[in-house]
Amino acid sequence: DAGITQSPRHKVTETGTPVTLRCHQTENHRYMYWYRQDPGHGLRLIHYSYGVKDTDKGEVSDGYSVSRSKTEDFLLTLESATSSQTSVYFCAISAGSSYEQYFGPGTRLTVT
Amino acid sequence: TQLLEQSPQFLSIQEGENLTVYCNSSSVFSSLQWYRQEPGEGPVLLVTVVTGGEVKKLKRLTFQFGDARKDSSLHITAAQPGDTGLYLCAGLGTGRRALTFGSGTRLQVQP
C-alpha cells in the first residue's frame, strides 16, 4: 500500500464548470503523476511533478493544469470541463530506479 | 513519441489453457514493466525487466524482455479465473522520468 488517496472518487459536473481533483500521498515520494484512462487507450499521461512547484506536461495536457504546493498533494484542475474529459483519472507515485508506478484508486469524472 | 502496441486486445480462454500477450515498439526502452488492473481499481505492478533478453518468473507468469529492448511478452501457464483482468505493459524511455503505457490486453478466464 503506497498510501495514495484520491478525492472525490466520483463526480458529475456540467460542461464549462471548473473541476479540481486531489491526490494525496503519505510517504513523501518526490514524483507524482496524473493519468486518464479511456477504453482502447490504456493510460495516458496528463502531467507529472518531480518536486514541490516542479511540474511537466504529458502527452494529453491540453485543457488541464496542475499544482503542487506541498510534497503530499498534487492537484489536477480542469479549468472549463468538456464532455471529452469524461474519463477515469488515476494518480500515481513512482518509487524505484525504473520509475515504477503505484496508483491510487481512481476518480470517475462525468461531464454532462 | 514512443508507442507501445499490445496484442491481442481481448482474450477469452478456458481455465487451464496457456496464453501469451505481446508488447511491441519501434523504440528502445531502458526498462519495461507489466501491470494488472481489476475493475474499479488502479493498476498494480507485476514485474520490471531491465536487461535485454531477461526472463523473470512470477509463479505461473513468465515475462521476457526482447534482446533489443524494444518488445516484451507475458506468458501465463495454466490460466485460472483469478488471472482475469486488464494487463498493461509500460516502457521507460532512456533519460525519461515517465512511463509510456500500452493500450492493454483484456483477459477473461472462464472456469
# chains A, B, ... in the order shown; residues from 1 in each chain; ligands from 1
>>> interface_residues(of="chain A", to="chain B", cutoff="10 Å", atoms="only C-alpha atoms", output="compact mmCIF listing (two decimals) with N, CA and C atoms, in the first residue's frame")
# COMPACT_ATOMS: atom_id res chain seq x y z
N TYR A 31 8.10 12.03 -6.92
CA TYR A 31 7.40 12.06 -8.21
C TYR A 31 5.94 11.68 -8.04
N MET A 32 5.07 12.48 -8.66
CA MET A 32 3.64 12.20 -8.70
C MET A 32 3.13 12.43 -10.12
N TYR A 33 2.10 11.67 -10.49
CA TYR A 33 1.62 11.67 -11.88
C TYR A 33 0.09 11.68 -11.91
N GLN A 37 -7.71 7.36 -18.12
CA GLN A 37 -7.87 6.05 -18.75
C GLN A 37 -9.20 5.99 -19.47
N ASP A 38 -9.14 5.70 -20.73
CA ASP A 38 -10.32 5.59 -21.59
C ASP A 38 -10.26 4.27 -22.34
N PRO A 39 -11.41 3.70 -22.65
CA PRO A 39 -11.43 2.42 -23.37
C PRO A 39 -10.59 2.47 -24.64
N GLY A 40 -9.73 1.48 -24.82
CA GLY A 40 -8.91 1.40 -26.03
C GLY A 40 -7.65 2.25 -26.02
N HIS A 41 -7.45 3.03 -24.94
CA HIS A 41 -6.29 3.93 -24.91
C HIS A 41 -5.33 3.63 -23.77
N GLY A 42 -5.59 2.63 -22.98
CA GLY A 42 -4.70 2.37 -21.86
C GLY A 42 -4.66 3.57 -20.93
N LEU A 43 -3.49 3.87 -20.42
CA LEU A 43 -3.29 5.02 -19.54
C LEU A 43 -2.50 6.09 -20.30
N ARG A 44 -2.99 7.30 -20.29
CA ARG A 44 -2.28 8.40 -20.95
C ARG A 44 -1.89 9.45 -19.92
N LEU A 45 -0.65 9.88 -19.98
CA LEU A 45 -0.11 10.81 -19.01
C LEU A 45 -0.59 12.22 -19.30
N HIS A 47 -0.06 15.13 -16.73
CA HIS A 47 1.02 15.95 -16.18
C HIS A 47 1.74 15.12 -15.12
N TYR A 48 2.95 15.51 -14.81
CA TYR A 48 3.61 14.92 -13.67
C TYR A 48 4.42 15.97 -12.92
N SER A 49 4.81 15.62 -11.71
CA SER A 49 5.56 16.55 -10.86
C SER A 49 6.80 15.84 -10.33
N TYR A 50 7.90 16.56 -10.31
CA TYR A 50 9.14 16.00 -9.78
C TYR A 50 9.62 16.75 -8.55
N GLY A 58 2.46 16.03 -19.91
CA GLY A 58 2.46 14.73 -20.54
C GLY A 58 1.88 14.81 -21.94
N GLU A 59 1.45 13.66 -22.46
CA GLU A 59 1.01 13.61 -23.86
C GLU A 59 -0.38 14.20 -24.09
N VAL A 88 -11.81 8.19 -16.45
CA VAL A 88 -11.36 7.80 -15.12
C VAL A 88 -9.94 8.34 -14.96
N TYR A 89 -9.73 9.06 -13.88
CA TYR A 89 -8.44 9.71 -13.63
C TYR A 89 -7.71 8.99 -12.51
N PHE A 90 -6.46 8.65 -12.79
CA PHE A 90 -5.63 7.97 -11.79
C PHE A 90 -4.43 8.84 -11.45
N CYS A 91 -4.15 8.87 -10.16
CA CYS A 91 -2.93 9.47 -9.65
C CYS A 91 -1.96 8.34 -9.32
N ALA A 92 -0.67 8.62 -9.46
CA ALA A 92 0.34 7.63 -9.12
C ALA A 92 1.55 8.32 -8.54
N SER A 94 5.85 7.41 -8.03
CA SER A 94 6.84 6.45 -8.51
C SER A 94 7.89 6.22 -7.44
N SER A 97 14.20 2.60 -9.27
CA SER A 97 15.10 3.17 -10.28
C SER A 97 14.47 3.21 -11.66
N SER A 98 13.43 2.43 -11.90
CA SER A 98 12.74 2.42 -13.19
C SER A 98 11.41 3.16 -13.13
N TYR A 99 11.26 4.03 -12.16
CA TYR A 99 10.05 4.85 -12.02
C TYR A 99 8.79 3.98 -11.98
N GLU A 100 8.89 2.86 -11.27
CA GLU A 100 7.71 2.03 -11.11
C GLU A 100 6.57 2.83 -10.49
N GLN A 101 5.38 2.59 -11.00
CA GLN A 101 4.22 3.39 -10.59
C GLN A 101 3.36 2.64 -9.57
N TYR A 102 2.88 3.41 -8.59
CA TYR A 102 1.93 2.89 -7.61
C TYR A 102 0.73 3.82 -7.65
N PHE A 103 -0.43 3.23 -7.92
CA PHE A 103 -1.60 4.01 -8.28
C PHE A 103 -2.58 4.17 -7.13
N GLY A 104 -3.30 5.29 -7.18
CA GLY A 104 -4.44 5.49 -6.31
C GLY A 104 -5.64 4.74 -6.86
N PRO A 105 -6.79 4.87 -6.17
CA PRO A 105 -7.98 4.11 -6.54
C PRO A 105 -8.75 4.69 -7.72
N GLY A 106 -8.41 5.90 -8.16
CA GLY A 106 -9.08 6.50 -9.31
C GLY A 106 -10.25 7.39 -8.95
N THR A 107 -10.54 8.33 -9.86
CA THR A 107 -11.71 9.21 -9.78
C THR A 107 -12.47 9.09 -11.09
N ARG A 108 -13.74 8.74 -10.99
CA ARG A 108 -14.57 8.67 -12.19
C ARG A 108 -15.26 10.00 -12.38
>>> residues_around(residues="region 79-85 of chain B", least_positions_apart="4", cutoff="8 Å", atoms="only C-alpha atoms", output="list in words")
Gln14, Glu15, Gly16, Glu17, Asn18, Leu19, Arg36, Gln37, Glu38, Pro39, Arg60, Arg106, Leu107, Gln108, Val109, Gln110 and Pro111 of chain B
>>> atom_distance(atom1="CA of Leu78 (chain A)", atom2="CA of Thr112 (chain A)")
14.0 Å
>>> residues_around(residues="Tyr22 (chain B)", least_positions_apart="6", cutoff="7 Å", atoms="only C-alpha atoms", output="MDAnalysis selection string")
chainID B and resid 6:7 72:74
>>> atom_distance(atom1="CA of Ile46 (chain A)", atom2="CA of Ser84 (chain A)")
13.9 Å
>>> atom_distance(atom1="CA of Thr94 (chain B)", atom2="CA of Phe29 (chain B)")
6.2 Å
>>> residues_around(residues="Ser27 (chain B)", least_positions_apart="4", cutoff="9 Å", atoms="only C-alpha atoms", output="number ranges by chain")
B: 1-4, 69-71, 93
>>> write_last_selection(atoms="N, CA, C and O atoms", output="tab-separated table (two decimals), in the first residue's frame")
chain	number	residue	atom	x	y	z
B	1	THR	N	7.68	10.57	-30.32
B	1	THR	CA	6.70	9.92	-29.43
B	1	THR	C	6.94	8.42	-29.42
B	1	THR	O	7.05	7.80	-30.46
B	2	GLN	N	7.05	7.86	-28.21
B	2	GLN	CA	7.25	6.42	-28.09
B	2	GLN	C	5.90	5.75	-27.95
B	2	GLN	O	5.09	6.14	-27.13
B	3	LEU	N	5.66	4.71	-28.75
B	3	LEU	CA	4.40	3.99	-28.71
B	3	LEU	C	4.65	2.54	-28.36
B	3	LEU	O	5.65	1.94	-28.76
B	4	LEU	N	3.71	1.97	-27.60
B	4	LEU	CA	3.74	0.56	-27.28
B	4	LEU	C	2.44	-0.07	-27.76
B	4	LEU	O	1.36	0.40	-27.39
B	69	ARG	N	15.56	-4.76	-26.54
B	69	ARG	CA	14.82	-3.91	-25.57
B	69	ARG	C	13.75	-3.06	-26.25
B	69	ARG	O	13.51	-1.91	-25.87
B	70	LYS	N	13.13	-3.65	-27.28
B	70	LYS	CA	12.02	-2.96	-27.95
B	70	LYS	C	10.69	-3.68	-27.74
B	70	LYS	O	9.64	-3.16	-28.12
B	71	ASP	N	10.71	-4.87	-27.15
B	71	ASP	CA	9.49	-5.65	-27.03
B	71	ASP	C	9.55	-6.53	-25.80
B	71	ASP	O	10.63	-6.77	-25.23
B	93	GLY	N	11.51	5.26	-21.38
B	93	GLY	CA	12.48	5.67	-22.38
B	93	GLY	C	13.76	6.15	-21.73
B	93	GLY	O	13.76	6.63	-20.59
